[in-house]
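Colleague: The structure file my_file_22.cif (mmCIF, C-alpha atoms) is provided below.
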data_work
#
loop_
_atom_site.group_PDB
_atom_site.id
_atom_site.type_symbol
_atom_site.label_atom_id
_atom_site.label_comp_id
_atom_site.auth_asym_id
_atom_site.auth_seq_id
_atom_site.Cartn_x
_atom_site.Cartn_y
_atom_site.Cartn_z
ATOM 1 C CA MET A 1 -13.545 -17.456 9.984
ATOM 2 C CA LEU A 2 -9.924 -17.712 10.987
ATOM 3 C CA ARG A 3 -8.158 -16.805 14.199
ATOM 4 C CA ASN A 4 -5.343 -14.286 14.575
ATOM 5 C CA ILE A 5 -6.042 -12.565 11.246
ATOM 6 C CA ASN A 6 -7.201 -8.978 11.257
ATOM 7 C CA PRO A 7 -10.884 -8.968 10.190
ATOM 8 C CA LEU A 8 -10.225 -5.935 7.945
ATOM 9 C CA LEU A 9 -8.495 -8.287 5.518
ATOM 10 C CA SER A 10 -11.116 -9.697 3.175
ATOM 11 C CA PRO A 11 -10.830 -13.234 1.761
ATOM 12 C CA ASP A 12 -9.892 -11.743 -1.625
ATOM 13 C CA LEU A 13 -7.126 -9.638 -0.090
ATOM 14 C CA LEU A 14 -5.805 -12.579 1.943
ATOM 15 C CA HIS A 15 -5.569 -14.592 -1.280
ATOM 16 C CA ILE A 16 -3.691 -11.754 -2.978
ATOM 17 C CA LEU A 17 -1.216 -11.402 -0.111
ATOM 18 C CA ALA A 18 -0.553 -15.151 -0.083
ATOM 19 C CA ALA A 19 -0.125 -15.295 -3.865
ATOM 20 C CA MET A 20 2.268 -12.325 -4.060
ATOM 21 C CA GLY A 21 5.936 -13.123 -4.425
ATOM 22 C CA HIS A 22 9.084 -11.441 -3.194
ATOM 23 C CA GLY A 23 9.463 -8.046 -4.853
ATOM 24 C CA ASP A 24 5.805 -7.665 -5.833
ATOM 25 C CA ASP A 25 4.241 -4.268 -5.138
ATOM 26 C CA LEU A 26 0.933 -3.691 -3.365
ATOM 27 C CA VAL A 27 -0.829 -0.336 -3.706
ATOM 28 C CA ILE A 28 -3.019 0.737 -0.800
ATOM 29 C CA ALA A 29 -5.007 3.649 -2.189
ATOM 30 C CA ASP A 30 -7.341 6.320 -0.903
ATOM 31 C CA ALA A 31 -10.930 6.836 -2.060
ATOM 32 C CA ASN A 32 -9.899 9.418 -4.705
ATOM 33 C CA TYR A 33 -7.295 7.213 -6.373
ATOM 34 C CA PRO A 34 -8.090 5.927 -9.904
ATOM 35 C CA GLY A 35 -7.437 2.372 -8.730
ATOM 36 C CA GLU A 36 -10.100 0.535 -10.699
ATOM 37 C CA GLN A 37 -9.101 2.231 -13.951
ATOM 38 C CA ILE A 38 -5.394 1.504 -13.428
ATOM 39 C CA ALA A 39 -6.125 -2.113 -12.502
ATOM 40 C CA ARG A 40 -8.450 -2.652 -15.464
ATOM 41 C CA THR A 41 -6.035 -1.073 -17.929
ATOM 42 C CA ASN A 42 -3.042 -3.051 -16.689
ATOM 43 C CA GLY A 43 -4.668 -6.320 -15.678
ATOM 44 C CA CYS A 44 -3.651 -6.248 -12.032
ATOM 45 C CA ARG A 45 -5.852 -7.462 -9.204
ATOM 46 C CA TYR A 46 -8.215 -4.989 -7.563
ATOM 47 C CA VAL A 47 -9.961 -5.126 -4.185
ATOM 48 C CA ARG A 48 -12.222 -2.561 -2.528
ATOM 49 C CA LEU A 49 -12.284 -2.031 1.225
ATOM 50 C CA ASP A 50 -14.810 0.801 1.464
ATOM 51 C CA GLY A 51 -15.143 2.596 4.765
ATOM 52 C CA ILE A 52 -11.716 1.491 6.014
ATOM 53 C CA LEU A 53 -8.771 3.850 6.538
ATOM 54 C CA ALA A 54 -5.663 3.225 4.441
ATOM 55 C CA THR A 55 -3.526 3.370 7.580
ATOM 56 C CA ASP A 56 -5.583 0.578 9.163
ATOM 57 C CA VAL A 57 -5.226 -1.527 6.011
ATOM 58 C CA LEU A 58 -1.465 -0.953 5.977
ATOM 59 C CA LYS A 59 -1.218 -2.100 9.593
ATOM 60 C CA ALA A 60 -3.266 -5.236 8.905
ATOM 61 C CA VAL A 61 -1.207 -6.047 5.794
ATOM 62 C CA LEU A 62 2.115 -5.587 7.591
ATOM 63 C CA GLU A 63 0.990 -7.976 10.327
ATOM 64 C CA LEU A 64 1.128 -10.709 7.661
ATOM 65 C CA MET A 65 3.438 -9.459 4.910
ATOM 66 C CA PRO A 66 7.112 -8.556 5.340
ATOM 67 C CA LEU A 67 8.560 -5.431 3.754
ATOM 68 C CA ASP A 68 11.355 -6.128 1.291
ATOM 69 C CA ASP A 69 14.757 -5.697 2.925
ATOM 70 C CA PHE A 70 16.708 -6.237 -0.320
ATOM 71 C CA VAL A 71 15.799 -2.809 -1.711
ATOM 72 C CA LYS A 72 16.627 0.669 -0.465
ATOM 73 C CA ASP A 73 13.011 1.906 -0.519
ATOM 74 C CA PRO A 74 10.317 -0.742 0.091
ATOM 75 C CA ALA A 75 7.583 1.882 0.582
ATOM 76 C CA TYR A 76 6.588 4.912 -1.504
ATOM 77 C CA VAL A 77 4.004 7.650 -1.161
ATOM 78 C CA MET A 78 2.900 10.388 -3.529
ATOM 79 C CA GLU A 79 4.401 13.863 -3.110
ATOM 80 C CA VAL A 80 2.052 16.766 -2.566
ATOM 81 C CA VAL A 81 1.456 18.483 -5.888
ATOM 82 C CA GLY A 82 2.949 21.955 -5.776
ATOM 83 C CA ASP A 83 4.779 21.461 -2.466
ATOM 84 C CA THR A 84 7.081 18.451 -2.473
ATOM 85 C CA ALA A 85 8.407 19.320 1.000
ATOM 86 C CA GLU A 86 4.966 19.038 2.633
ATOM 87 C CA ILE A 87 4.285 15.825 4.536
ATOM 88 C CA PRO A 88 0.551 15.200 4.924
ATOM 89 C CA PRO A 89 -0.662 13.835 8.284
ATOM 90 C CA VAL A 90 -1.703 10.547 6.687
ATOM 91 C CA VAL A 91 1.881 10.009 5.466
ATOM 92 C CA THR A 92 3.199 10.666 8.962
ATOM 93 C CA GLU A 93 0.747 8.030 10.186
ATOM 94 C CA PHE A 94 1.884 5.584 7.455
ATOM 95 C CA GLN A 95 5.449 6.025 8.723
ATOM 96 C CA SER A 96 4.353 5.321 12.302
ATOM 97 C CA VAL A 97 2.541 2.172 11.186
ATOM 98 C CA ILE A 98 5.640 0.938 9.351
ATOM 99 C CA LYS A 99 7.807 1.702 12.371
ATOM 100 C CA ASP A 100 5.451 -0.170 14.723
ATOM 101 C CA ALA A 101 4.144 -3.046 12.567
ATOM 102 C CA ALA A 102 6.751 -3.908 9.931
ATOM 103 C CA ASP A 103 9.268 -6.632 10.597
ATOM 104 C CA ASN A 104 11.744 -4.551 8.595
ATOM 105 C CA PRO A 105 10.913 -0.914 9.408
ATOM 106 C CA ALA A 106 12.069 1.525 6.740
ATOM 107 C CA ASP A 107 11.709 5.182 5.928
ATOM 108 C CA ILE A 108 9.054 5.958 3.348
ATOM 109 C CA ALA A 109 10.305 7.417 0.069
ATOM 110 C CA SER A 110 8.217 9.744 -2.082
ATOM 111 C CA MET A 111 7.723 10.329 -5.781
ATOM 112 C CA ASN A 112 5.707 12.723 -7.882
ATOM 113 C CA ARG A 113 2.122 11.967 -8.742
ATOM 114 C CA PHE A 114 2.721 10.690 -12.268
ATOM 115 C CA ALA A 115 5.669 8.489 -11.261
ATOM 116 C CA PHE A 116 3.435 7.035 -8.525
ATOM 117 C CA TYR A 117 0.704 6.271 -11.079
ATOM 118 C CA GLU A 118 3.274 4.700 -13.400
ATOM 119 C CA ARG A 119 4.664 2.479 -10.653
ATOM 120 C CA SER A 120 1.092 1.493 -9.735
ATOM 121 C CA GLN A 121 0.610 0.189 -13.259
ATOM 122 C CA ASN A 122 3.118 -2.576 -12.531
ATOM 123 C CA ALA A 123 1.722 -3.482 -9.109
ATOM 124 C CA TYR A 124 0.557 -6.977 -8.323
ATOM 125 C CA ALA A 125 -2.615 -5.549 -6.811
ATOM 126 C CA ILE A 126 -4.401 -2.348 -5.844
ATOM 127 C CA VAL A 127 -6.450 -2.118 -2.666
ATOM 128 C CA GLN A 128 -8.905 0.784 -2.825
ATOM 129 C CA THR A 129 -9.828 1.918 0.685
ATOM 130 C CA GLY A 130 -12.357 4.392 1.998
ATOM 131 C CA GLU A 131 -9.541 6.726 3.070
ATOM 132 C CA ARG A 132 -10.728 10.317 2.587
ATOM 133 C CA ARG A 133 -7.556 12.109 3.673
ATOM 134 C CA LEU A 134 -5.710 13.462 0.656
ATOM 135 C CA TYR A 135 -2.505 11.648 -0.324
ATOM 136 C CA GLY A 136 -3.556 8.519 1.558
ATOM 137 C CA ASN A 137 -1.791 6.278 -0.969
ATOM 138 C CA ILE A 138 1.192 4.009 -0.389
ATOM 139 C CA ILE A 139 3.016 1.337 -2.361
ATOM 140 C CA VAL A 140 4.709 -1.409 -0.356
ATOM 141 C CA LYS A 141 7.033 -4.085 -1.727
ATOM 142 C CA LYS A 142 6.701 -7.617 -0.378
ATOM 143 C CA GLY A 143 9.788 -9.123 1.149
ATOM 144 C CA VAL A 144 10.905 -12.667 1.819
ATOM 145 C CA VAL A 145 9.016 -14.649 4.424
ATOM 146 C CA ARG A 146 11.635 -16.089 6.747
ATOM 147 C CA LEU A 147 10.844 -18.918 9.135
#
Before anything else, please render the file you have as structure tokens.
Modeller:
Amino acid sequence: MLRNINPLLSPDLLHILAAMGHGDDLVIADANYPGEQIARTNGCRYVRLDGILATDVLKAVLELMPLDDFVKDPAYVMEVVGDTAEIPPVVTEFQSVIKDAADNPADIASMNRFAFYERSQNAYAIVQTGERRLYGNIIVKKGVVRL
């Protein structure tokens, strides 16, 4: 047990966050996302947090990990297939979490489904949550920890 660390963050996820370097991507994925397959195929780390909302995981992660402020878009979500202008409620909530919890708040960018999968293939790690809302997937880029 440790103090001042959100209990949603498992020991495995804490290790991943500490081991990530500046510019590494972390995928926080919903329950439908093919996270295990992508991780196995590409050799990235994989953690399951069943029963936990992706938005809650994002908040807990951003309490410890800075967003990259050296890139234009440190956070990406997947566009709705067939309606790229639609913004799902879970994405609106992701944006609120970033605004409230990130040390470097930024607007979320979006990309099509297959570009999102491709970017996931180069992620440092994938965190599969129990999020059941569709399009509850986000990629965040780790920034520099400044003292």
Colleague: Show me, as JSON, numbers by chain, the residues that have an atom within 9 Å of range 15-24 of chain A when counting only C-alpha atoms, minus same-chain residues fewer than 2 positions from it.
Modeller: {"A": [10, 11, 12, 13, 26, 45, 61, 64, 65, 68, 70, 71, 74, 122, 123, 124, 125, 140, 141, 142, 143, 144, 145]}
Colleague: Give the answer as one residue: which of A:Asn32, A:Thr84, A:Asn112, A:Asn104 has the shortest atom-to-atom distance to Arg133 in chain A, using only C-alpha atoms?
Modeller: A:Asn32
Colleague: Evaluate the PyMOL selection byres ((chain A and resi 47) around 7) against this structure - the residues, as number ranges by chain, please.
Modeller: A: 13, 45-46, 48-49, 126-128
Colleague: Any chance you could export the current selection's C-alpha atoms as a tab-separated table (two decimals), in the frame of the given file?
Modeller:
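Now in selection-v3.tsv:
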chain	number	residue	atom	x	y	z
A	13	LEU	CA	-7.13	-9.64	-0.09
A	45	ARG	CA	-5.85	-7.46	-9.20
A	46	TYR	CA	-8.22	-4.99	-7.56
A	48	ARG	CA	-12.22	-2.56	-2.53
A	49	LEU	CA	-12.28	-2.03	1.23
A	126	ILE	CA	-4.40	-2.35	-5.84
A	127	VAL	CA	-6.45	-2.12	-2.67
A	128	GLN	CA	-8.90	0.78	-2.82
Colleague: Quick one: which residues end up in the PyMOL selection byres ((chain A and resi 139) around 7) for this structure, as a list of chain:residue names?
Modeller: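 Checked against the file, the PyMOL selection byres ((chain A and resi 139) around 7) matches A:Asp25, A:Leu26, A:Val27, A:Ile28, A:Ala75, A:Tyr76, A:Val77, A:Ile138, A:Val140, A:Lys141.
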Colleague: Starting from the PyMOL selection byres ((chain A and resi 97) around 10), expand the selection into actual residues of this file and give them as a PyMOL selection string.
Modeller: chain A and resi 55-56+58-60+62+91-96+98-102+105
Colleague: Could you tell me which of A:Glu131, A:Gly43, A:Asn137, A:Arg113 comes closest to Val80 in chain A if we count all atoms listed in the file?
Modeller: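 That would be A:Arg113, the residue with the smallest distance to Val80 in chain A.
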Colleague: What is the CA of Glu86 in chain A to CA of Asp69 in chain A distance in Å?
Modeller: 26.6 Å
Colleague: Looking at all atoms listed in the file, which of A:Leu53, A:Met1, A:Arg146, A:Tyr33 is the one that sits closest to Val90 in chain A?
Modeller: A:Leu53
Colleague: Check the smallest atom-to-atom distance from each of A:Asn4, A:Ser110, A:Ile38, A:Arg132 to Val81 in chain A using all atoms listed in the file, then report the winner.
Modeller: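 Between A:Asn4, A:Ser110, A:Ile38, A:Arg132, the residue approaching Val81 in chain A most closely is A:Ser110.
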Colleague: Write out as a ChimeraX atom specification the residues lying within 7 Å of Thr129 in chain A, counting all atoms listed in the file and excluding same-chain residues fewer than 5 positions away.
Modeller: /A:29-31,48-54
Colleague: Pick from A:Asp73, A:Asp83, A:Glu63, A:Tyr117: nearest to Asn42 in chain A, with all atoms listed in the file counted?
Modeller: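 So, comparing all the options, the nearest one is A:Tyr117.
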Colleague: Could you please determine the separation between CA of Pro7 in chain A and CA of Val57 in chain A in Å, to one decimal place?
Modeller: 10.2 Å
Colleague: Measure the distance from CA of Leu67 in chain A to CA of Asp103 in chain A in Å and round it to one decimal.
Modeller: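 Going from CA of Leu67 in chain A over to CA of Asp103 in chain A covers 7.0 Å.
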Colleague: Would you mind telling me which residue in A:Cys44, A:Leu8, A:Leu134, A:Ile87 lies nearest to Ile108 in chain A when using only C-alpha atoms?
Modeller: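 Among the listed residues, A:Ile87 lies closest to Ile108 in chain A.
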